[in-house]
Amino acid sequence: MDIDNINNPSTDNSADPIAPTRTDTDVVAILPVRGLVAFPHMTLPFMVSLESSQLIEDAVNADGRIGLITVKDNEAEDPAPDQLYGVGTLAKIMHAKKNGDGIWVVLLNAMDRFHIASWETSGPYLRAAIVRAPDVVEADLETEALRDHLQRTFREVLAMLPDASEEMGKAVARIDDPLQLAYAAAFNMKMATATRQNLLEMEGVNAKLRKLLELLSREKEMLNIGHKIQNEVQEKMTKSKRDYYLRQQLDAIKKELGEDDEEASEADDYARRLDEAGLPDEARKEAQRELERFQAMSPQAAEYAMIKNYLDWLIDLPWSRVSEDNTDIAAARGVLEDDHYGLEEIKERLIEYLAVRRLMNNREEAPDTSDDQPAMGVILCLAGPPGVGKTSLGRSVARALGRSFTRMSLGGVRDEAEIRGHRRTYIGAMPGRIIQAIKRAGTRNPVFMLDEIDKVGQDWRGDPSSALLEVLDPAQNGAFRDHYLDVDFDLSEVIFIATANQLDTIPGPLRDRMEVITLDGYTELEKLQIAKRHLIPRQLAAHRLREEEITFIDDAIQKIIQDYTREAGVRNLERHIAAVCRKGIVQLSEKGWPHVVITSKTVRSYLKKERFEAEVSGAIDMPGIATGLAVTSVGGDILYIEATRMPGSGRMNLTGQLGDVMRESAQIAYAYVRSRAEALHIDPQTFATTDVHLHVPAGALPKDGPSAGVAMVMALVSLFSGRPVRSDVGITGEITLRGRVLPVGGIKMKLMAAHRAGLKTVILPTRNRSDLDDLPAEVLDGLEVITADRVDEVIPTVLGVEPLRGGGTTARTCPPPARGGDADSRRVPLTCKGSGRAVGD
């Protein structure tokens, strides 16, 4: 029951100039009302929004009458007639004033009900032809009895409400008119809008009074039940206090009699464990305070188990237990070499990291003149596609250091309490997953793997990534405060290693706290060696096979890599090796063979149809197709750009789930080709009579980014010139309207994808030339890398045509590095062949 909005129904109907008959029809403006039903015989204040200000102005200038109709759905922004109820209340504007914000404040006198006869929707606001339908008031003894019963029940319900005022009861007692009483009670009772509307639509005051009595009786019963529950709870609390005092007296009696107290022995056990735990001062003080409460509390008390659980967590944490680091860098290097093949730069960076930590640990006693120690607080983030060994690298670091390893998966975590824990005021509260993992590790300096940090979510329960800022900040994690423990825990000696597939989804402040190490993927040669050194021995051991029972030759492994997997990592490769092992076990068991040799033919027999082709799928033998290079969540890949044309009016259609940036690149490419039509040997009039459709296959996958711009230019030039693009050329680079080729990202993954797909030539922006230093020699040995500053430079190479009219530079061809030799001799020279100045540069 809403006790703050009591309204005294007006008994003065002189403001109504129309005789209340059911046959009167009139046209009035309709004001939709949300969350409120306007009952007749009431004075109602309203604040009218700017959208309805014209309605109020017109009504004030006319006779002041408007229709109030309740909206069925409060979420409707601009309700239509079918979203309004069919019965409303006719009201007259008694007072209207516009405030400084342009909003009308009006005072309305609600008069009679009406029904909608027809709607008029052509104006700036709704209008309707209405039929007035005044309520029928029965003048009989039943009506009087229902009125008196409603007044008594209403006052009884008011008396049960703790914050009800006496004025409300007196106001209801003064209402003699049964209809006004019904509407006053309905307006001030707590009920749904649909129920109020149903009361308005009811014919006859007796029906309204009966419905209100039913609702009030139900409200009265609910209040009685609530009072009963409250009394029971109060009795239990009183009994709990009484039991507490009695037990205190019983303890004193037992002490006088010298009897053993088992509860005291449990408290003594906690005191002993507390002395041995080595807690810091703050944690020890809190534990001692809780232990004193525990000693004075009955086992039957509600907080007894909560305090016991809290003491267990506080005492069992490794406050003073640390692992002694392995300071032998050579041994650490050997562990990394044994566990992983390739990834030389990554392993070298980890060795540097371990060496710095060793030096800092050896010089802890040296005076520190700085406020922070960034070398000790570096947080690593291993970023790369799935299956490249990010998690296993973390385990190797732990093994190389001789530390405990613990892991926490952050994928799908949306609750901040998962990181910081729940406060002890909640039932079932427990520490966050950070503290839980530290307890599992058993030391306070483990290697802590934060897996899938790029997949942390957020919702109304908080933002876990914001909670991780404290965990991964070297300046703050020395005093990490879990909500459950509510004391500081030192995480500064923990080595945090996060893993991620994509860096874009990691919030900027969180990414800024981590040193990112990128793992782009493996070459085919590296995958072959990984399979021979790690994957095959692991699968043989998992299937209880001996080395003399199954032998994989190199051709078989190469066939699995090229024809059955297309990935940056080796996860699917290991799955297929496991499948081959299972097929081999069948041969050993059924046919009794002592030894199975796995060849390429055996792989085809076991794994059936190839899933991928080792080379580019078919030569490009028609104009309008170009091969681009892209980066996906699983590494690099090739991307075909297809274009076709048809008679039309110069429009361009783009398909393939292209994002905004990629669509803009297509528009820029098309504009560039049109602007350079004569130089490209294309008739300019062709564009006015031709529609172009540009499509990027794999339409079910969303695509975006600017790096396909040059490939789109090549596809369009090929389409209009009638010359096919070379099928062995992969292209990447952003295009501008002036024809400049701008640098893009992911060069290493793109070129490795081109190498896997069998491409022979790759076109890159000149400013990406330095990225070639990151590529393995075997990839550069098999690719001719051509760099360009302008798109005009690469058209002759890609299409095999003469240089463009008007001049232009020749593309720079970067030769592959020399085989063998040291690292410097394998690097691509910064200056490649070709010089000159392009037209329009």
# chains A, B, ... in the order shown; residues from 1 in each chain; ligands from 1
>>> residues_around(residues="Leu50 (chain A)", least_positions_apart="2", cutoff="8 Å", atoms="only C-alpha atoms", output="list in words")
Val48, Ser52, Ser53, Gly102, Ile103 and Trp104 of chain A
>>> closest_atom_pairs(of="region 471-499 of chain A", to="region 384-407 of chain A", cutoff="12 Å", atoms="only C-alpha atoms", output="tab-separated table")
residue	atom	partner	partner_atom	distance
A:Glu493	CA	A:Arg403	CA	11.3
A:Val494	CA	A:Arg403	CA	9.9
A:Ile495	CA	A:Ala398	CA	9.0
A:Phe496	CA	A:Gly394	CA	9.2
A:Ile497	CA	A:Gly394	CA	6.6
A:Ala498	CA	A:Gly394	CA	8.8
A:Thr499	CA	A:Lys390	CA	6.4
>>> residues_around(residues="Leu799 (chain A)", least_positions_apart="6", cutoff="9 Å", atoms="only C-alpha atoms", output="list in words")
Met714, Val717, Ser718, Arg723, Pro724, Val725 and Arg726 of chain A
>>> residues_around(residues="Ala59 (chain A)", least_positions_apart="2", cutoff="12 Å", atoms="only C-alpha atoms", output="PyMOL selection string")
chain A and resi 27-31+52-57+61-67+91-96+106+108+125+127
>>> residues_around(residues="Glu292 (chain A)", least_positions_apart="6", cutoff="12 Å", atoms="only C-alpha atoms", output="ChimeraX atom specification")
/A:264,267-268,270-271,285-286,304,307-308,311
>>> write_last_selection(atoms="N, CA and C atoms", output="PDB file, in the first residue's frame")
ATOM      1  N   ALA A 264      38.098 -26.183  24.486  1.00  0.00           N
ATOM      2  CA  ALA A 264      39.340 -25.487  24.819  1.00  0.00           C
ATOM      3  C   ALA A 264      40.523 -26.127  24.107  1.00  0.00           C
ATOM      4  N   ALA A 267      40.612 -24.884  20.567  1.00  0.00           N
ATOM      5  CA  ALA A 267      41.143 -23.525  20.546  1.00  0.00           C
ATOM      6  C   ALA A 267      42.651 -23.530  20.769  1.00  0.00           C
ATOM      7  N   ASP A 268      43.146 -24.428  21.652  1.00  0.00           N
ATOM      8  CA  ASP A 268      44.589 -24.524  21.874  1.00  0.00           C
ATOM      9  C   ASP A 268      45.295 -24.984  20.603  1.00  0.00           C
ATOM     10  N   TYR A 270      44.371 -24.347  17.524  1.00  0.00           N
ATOM     11  CA  TYR A 270      44.467 -23.184  16.647  1.00  0.00           C
ATOM     12  C   TYR A 270      45.564 -22.237  17.121  1.00  0.00           C
ATOM     13  N   ALA A 271      45.701 -22.060  18.432  1.00  0.00           N
ATOM     14  CA  ALA A 271      46.744 -21.182  18.962  1.00  0.00           C
ATOM     15  C   ALA A 271      48.132 -21.717  18.611  1.00  0.00           C
ATOM     16  N   LYS A 285      47.500 -10.273  14.154  1.00  0.00           N
ATOM     17  CA  LYS A 285      46.596  -9.548  15.037  1.00  0.00           C
ATOM     18  C   LYS A 285      45.139  -9.894  14.725  1.00  0.00           C
ATOM     19  N   GLU A 286      44.800  -9.972  13.432  1.00  0.00           N
ATOM     20  CA  GLU A 286      43.432 -10.325  13.038  1.00  0.00           C
ATOM     21  C   GLU A 286      43.107 -11.758  13.434  1.00  0.00           C
ATOM     22  N   TYR A 304      30.086 -19.704  14.549  1.00  0.00           N
ATOM     23  CA  TYR A 304      31.157 -20.602  14.986  1.00  0.00           C
ATOM     24  C   TYR A 304      31.880 -21.215  13.777  1.00  0.00           C
ATOM     25  N   ILE A 307      33.899 -18.560  11.674  1.00  0.00           N
ATOM     26  CA  ILE A 307      35.189 -18.164  12.252  1.00  0.00           C
ATOM     27  C   ILE A 307      36.206 -19.291  12.110  1.00  0.00           C
ATOM     28  N   LYS A 308      35.730 -20.520  12.280  1.00  0.00           N
ATOM     29  CA  LYS A 308      36.633 -21.669  12.151  1.00  0.00           C
ATOM     30  C   LYS A 308      37.182 -21.761  10.729  1.00  0.00           C
ATOM     31  N   LEU A 311      39.768 -18.984  10.187  1.00  0.00           N
ATOM     32  CA  LEU A 311      41.057 -19.295  10.815  1.00  0.00           C
ATOM     33  C   LEU A 311      41.823 -20.343  10.023  1.00  0.00           C
TER      34      LEU A 311
END
>>> residues_around(residues="region 662-669 of chain A", least_positions_apart="2", cutoff="9 Å", atoms="only C-alpha atoms", output="list in words")
Met652, Leu654, Leu658, Gly659, Asp660, Ala671, Tyr672, Val673, Arg674, Leu694, Lys703, Asp704, Gly705, Pro706, Ser707, Ala708, Gly709, Val710, Ala711, Met712, Val713, Met714, Leu716, Glu734, Ile735, Thr736, Leu737 and Gly739 of chain A
>>> atom_distance(atom1="CA of Lys241 (chain A)", atom2="CA of Ser298 (chain A)")
10.7 Å
>>> residues_around(residues="Asn74 (chain A)", least_positions_apart="3", cutoff="10 Å", atoms="only C-alpha atoms", output="list of chain:residue names")
A:Val33, A:Arg34, A:Gly35, A:Thr70, A:Val71, A:Glu77, A:Pro79, A:Gln83
>>> select_by_dssp(residues="region 557-589 of chain A", states="helix (DSSP H, G or I)", output="ChimeraX atom specification")
/A:557-563,571-589
>>> select_by_dssp(residues="region 529-765 of chain A", states="strand (DSSP E)", output="ChimeraX atom specification")
/A:550-552,596-598,625-632,635-647,652-655,690-695,729-731,734-735,741-742,761-765
>>> closest_residue(among="A:Ile530, A:Ile641, A:Ala305, A:Ile747", to="Pro765 (chain A)", atoms="only C-alpha atoms")
A:Ile747
>>> closest_residue(among="A:Asp112, A:Glu526, A:Glu51, A:Glu567", to="His340 (chain A)", atoms="only C-alpha atoms")
A:Glu526
>>> atom_distance(atom1="CA of Arg423 (chain A)", atom2="CA of Gly508 (chain A)")
28.4 Å
>>> closest_residue(among="A:Ala531, A:Ala579, A:Thr89, A:Glu793", to="Gln558 (chain A)", atoms="only C-alpha atoms")
A:Ala531
>>> atom_distance(atom1="CA of Gly746 (chain A)", atom2="CA of Gly411 (chain A)")
24.3 Å
>>> decode(residues="region 319-334 of chain A", atoms="all heavy atoms", output="PDB file, in the first residue's frame")
ATOM      1  N   TRP A 319      52.457 -18.038   4.336  1.00  0.00           N
ATOM      2  CA  TRP A 319      52.950 -16.693   4.616  1.00  0.00           C
ATOM      3  C   TRP A 319      54.479 -16.622   4.598  1.00  0.00           C
ATOM      4  O   TRP A 319      55.050 -15.624   4.148  1.00  0.00           O
ATOM      5  CB  TRP A 319      52.443 -16.232   5.975  1.00  0.00           C
ATOM      6  CG  TRP A 319      50.959 -16.124   6.066  1.00  0.00           C
ATOM      7  CD1 TRP A 319      50.086 -17.081   6.507  1.00  0.00           C
ATOM      8  CD2 TRP A 319      50.153 -14.994   5.692  1.00  0.00           C
ATOM      9  NE1 TRP A 319      48.792 -16.622   6.437  1.00  0.00           N
ATOM     10  CE2 TRP A 319      48.797 -15.339   5.950  1.00  0.00           C
ATOM     11  CE3 TRP A 319      50.432 -13.739   5.189  1.00  0.00           C
ATOM     12  CZ2 TRP A 319      47.747 -14.467   5.697  1.00  0.00           C
ATOM     13  CZ3 TRP A 319      49.392 -12.859   4.944  1.00  0.00           C
ATOM     14  CH2 TRP A 319      48.060 -13.234   5.200  1.00  0.00           C
ATOM     15  N   SER A 320      55.117 -17.651   5.064  1.00  0.00           N
ATOM     16  CA  SER A 320      56.584 -17.600   5.169  1.00  0.00           C
ATOM     17  C   SER A 320      57.278 -18.704   4.383  1.00  0.00           C
ATOM     18  O   SER A 320      58.504 -18.776   4.394  1.00  0.00           O
ATOM     19  CB  SER A 320      56.993 -17.696   6.643  1.00  0.00           C
ATOM     20  OG  SER A 320      56.469 -18.890   7.234  1.00  0.00           O
ATOM     21  N   ARG A 321      56.518 -19.573   3.709  1.00  0.00           N
ATOM     22  CA  ARG A 321      57.137 -20.676   2.954  1.00  0.00           C
ATOM     23  C   ARG A 321      57.479 -20.197   1.548  1.00  0.00           C
ATOM     24  O   ARG A 321      56.603 -19.746   0.796  1.00  0.00           O
ATOM     25  CB  ARG A 321      56.199 -21.880   2.885  1.00  0.00           C
ATOM     26  CG  ARG A 321      55.965 -22.546   4.237  1.00  0.00           C
ATOM     27  CD  ARG A 321      55.264 -23.888   4.077  1.00  0.00           C
ATOM     28  NE  ARG A 321      53.929 -23.751   3.527  1.00  0.00           N
ATOM     29  CZ  ARG A 321      52.849 -23.526   4.267  1.00  0.00           C
ATOM     30  NH1 ARG A 321      52.965 -23.377   5.588  1.00  0.00           N
ATOM     31  NH2 ARG A 321      51.663 -23.428   3.699  1.00  0.00           N
ATOM     32  N   VAL A 322      58.757 -20.277   1.171  1.00  0.00           N
ATOM     33  CA  VAL A 322      59.226 -19.853  -0.155  1.00  0.00           C
ATOM     34  C   VAL A 322      60.064 -20.972  -0.753  1.00  0.00           C
ATOM     35  O   VAL A 322      60.690 -21.766  -0.034  1.00  0.00           O
ATOM     36  CB  VAL A 322      60.054 -18.552  -0.083  1.00  0.00           C
ATOM     37  CG1 VAL A 322      59.201 -17.389   0.367  1.00  0.00           C
ATOM     38  CG2 VAL A 322      61.253 -18.723   0.825  1.00  0.00           C
ATOM     39  N   SER A 323      60.068 -21.039  -2.088  1.00  0.00           N
ATOM     40  CA  SER A 323      60.924 -21.991  -2.798  1.00  0.00           C
ATOM     41  C   SER A 323      62.274 -21.341  -3.070  1.00  0.00           C
ATOM     42  O   SER A 323      62.348 -20.153  -3.397  1.00  0.00           O
ATOM     43  CB  SER A 323      60.278 -22.399  -4.130  1.00  0.00           C
ATOM     44  OG  SER A 323      59.023 -23.015  -3.931  1.00  0.00           O
ATOM     45  N   GLU A 324      63.323 -22.129  -2.962  1.00  0.00           N
ATOM     46  CA  GLU A 324      64.666 -21.616  -3.257  1.00  0.00           C
ATOM     47  C   GLU A 324      64.908 -21.708  -4.745  1.00  0.00           C
ATOM     48  O   GLU A 324      64.798 -22.773  -5.352  1.00  0.00           O
ATOM     49  CB  GLU A 324      65.718 -22.423  -2.493  1.00  0.00           C
ATOM     50  CG  GLU A 324      67.124 -21.866  -2.661  1.00  0.00           C
ATOM     51  CD  GLU A 324      68.122 -22.625  -1.824  1.00  0.00           C
ATOM     52  OE1 GLU A 324      67.690 -23.459  -0.995  1.00  0.00           O
ATOM     53  OE2 GLU A 324      69.337 -22.406  -2.001  1.00  0.00           O
ATOM     54  N   ASP A 325      65.204 -20.568  -5.364  1.00  0.00           N
ATOM     55  CA  ASP A 325      65.365 -20.522  -6.812  1.00  0.00           C
ATOM     56  C   ASP A 325      66.607 -21.280  -7.259  1.00  0.00           C
ATOM     57  O   ASP A 325      67.641 -21.284  -6.584  1.00  0.00           O
ATOM     58  CB  ASP A 325      65.468 -19.068  -7.293  1.00  0.00           C
ATOM     59  CG  ASP A 325      64.127 -18.367  -7.267  1.00  0.00           C
ATOM     60  OD1 ASP A 325      63.109 -19.058  -7.137  1.00  0.00           O
ATOM     61  OD2 ASP A 325      64.109 -17.122  -7.370  1.00  0.00           O
ATOM     62  N   ASN A 326      66.479 -21.920  -8.434  1.00  0.00           N
ATOM     63  CA  ASN A 326      67.619 -22.540  -9.086  1.00  0.00           C
ATOM     64  C   ASN A 326      68.412 -21.450  -9.792  1.00  0.00           C
ATOM     65  O   ASN A 326      67.926 -20.849 -10.753  1.00  0.00           O
ATOM     66  CB  ASN A 326      67.128 -23.595 -10.083  1.00  0.00           C
ATOM     67  CG  ASN A 326      68.271 -24.225 -10.857  1.00  0.00           C
ATOM     68  OD1 ASN A 326      69.425 -24.162 -10.441  1.00  0.00           O
ATOM     69  ND2 ASN A 326      67.939 -24.827 -11.995  1.00  0.00           N
ATOM     70  N   THR A 327      69.593 -21.171  -9.340  1.00  0.00           N
ATOM     71  CA  THR A 327      70.380 -20.053  -9.886  1.00  0.00           C
ATOM     72  C   THR A 327      71.294 -20.476 -11.028  1.00  0.00           C
ATOM     73  O   THR A 327      72.086 -19.667 -11.511  1.00  0.00           O
ATOM     74  CB  THR A 327      71.223 -19.430  -8.764  1.00  0.00           C
ATOM     75  OG1 THR A 327      72.069 -20.435  -8.186  1.00  0.00           O
ATOM     76  CG2 THR A 327      70.330 -18.829  -7.687  1.00  0.00           C
ATOM     77  N   ASP A 328      71.209 -21.733 -11.474  1.00  0.00           N
ATOM     78  CA  ASP A 328      72.057 -22.220 -12.566  1.00  0.00           C
ATOM     79  C   ASP A 328      71.387 -21.863 -13.888  1.00  0.00           C
ATOM     80  O   ASP A 328      70.432 -22.524 -14.326  1.00  0.00           O
ATOM     81  CB  ASP A 328      72.248 -23.731 -12.439  1.00  0.00           C
ATOM     82  CG  ASP A 328      73.307 -24.260 -13.396  1.00  0.00           C
ATOM     83  OD1 ASP A 328      73.665 -23.517 -14.325  1.00  0.00           O
ATOM     84  OD2 ASP A 328      73.748 -25.411 -13.229  1.00  0.00           O
ATOM     85  N   ILE A 329      71.853 -20.809 -14.549  1.00  0.00           N
ATOM     86  CA  ILE A 329      71.254 -20.358 -15.804  1.00  0.00           C
ATOM     87  C   ILE A 329      71.429 -21.408 -16.888  1.00  0.00           C
ATOM     88  O   ILE A 329      70.539 -21.627 -17.719  1.00  0.00           O
ATOM     89  CB  ILE A 329      71.864 -19.012 -16.245  1.00  0.00           C
ATOM     90  CG1 ILE A 329      71.591 -17.946 -15.186  1.00  0.00           C
ATOM     91  CG2 ILE A 329      71.296 -18.581 -17.593  1.00  0.00           C
ATOM     92  CD1 ILE A 329      70.124 -17.686 -14.960  1.00  0.00           C
ATOM     93  N   ALA A 330      72.577 -22.084 -16.885  1.00  0.00           N
ATOM     94  CA  ALA A 330      72.804 -23.114 -17.905  1.00  0.00           C
ATOM     95  C   ALA A 330      71.790 -24.248 -17.764  1.00  0.00           C
ATOM     96  O   ALA A 330      71.278 -24.776 -18.760  1.00  0.00           O
ATOM     97  CB  ALA A 330      74.232 -23.652 -17.786  1.00  0.00           C
ATOM     98  N   ALA A 331      71.501 -24.628 -16.512  1.00  0.00           N
ATOM     99  CA  ALA A 331      70.508 -25.684 -16.303  1.00  0.00           C
ATOM    100  C   ALA A 331      69.122 -25.212 -16.741  1.00  0.00           C
ATOM    101  O   ALA A 331      68.346 -25.985 -17.333  1.00  0.00           O
ATOM    102  CB  ALA A 331      70.492 -26.090 -14.831  1.00  0.00           C
ATOM    103  N   ALA A 332      68.811 -23.947 -16.456  1.00  0.00           N
ATOM    104  CA  ALA A 332      67.515 -23.414 -16.887  1.00  0.00           C
ATOM    105  C   ALA A 332      67.410 -23.406 -18.406  1.00  0.00           C
ATOM    106  O   ALA A 332      66.365 -23.740 -18.974  1.00  0.00           O
ATOM    107  CB  ALA A 332      67.331 -22.000 -16.338  1.00  0.00           C
ATOM    108  N   ARG A 333      68.503 -23.040 -19.081  1.00  0.00           N
ATOM    109  CA  ARG A 333      68.494 -23.056 -20.540  1.00  0.00           C
ATOM    110  C   ARG A 333      68.290 -24.480 -21.055  1.00  0.00           C
ATOM    111  O   ARG A 333      67.580 -24.714 -22.037  1.00  0.00           O
ATOM    112  CB  ARG A 333      69.795 -22.474 -21.080  1.00  0.00           C
ATOM    113  CG  ARG A 333      69.797 -22.280 -22.590  1.00  0.00           C
ATOM    114  CD  ARG A 333      71.169 -21.807 -23.044  1.00  0.00           C
ATOM    115  NE  ARG A 333      71.521 -20.513 -22.490  1.00  0.00           N
ATOM    116  CZ  ARG A 333      71.180 -19.364 -23.057  1.00  0.00           C
ATOM    117  NH1 ARG A 333      70.453 -19.361 -24.152  1.00  0.00           N
ATOM    118  NH2 ARG A 333      71.552 -18.229 -22.504  1.00  0.00           N
ATOM    119  N   GLY A 334      68.927 -25.429 -20.380  1.00  0.00           N
ATOM    120  CA  GLY A 334      68.749 -26.818 -20.796  1.00  0.00           C
ATOM    121  C   GLY A 334      67.320 -27.302 -20.647  1.00  0.00           C
ATOM    122  O   GLY A 334      66.806 -28.059 -21.483  1.00  0.00           O
TER     123      GLY A 334
END
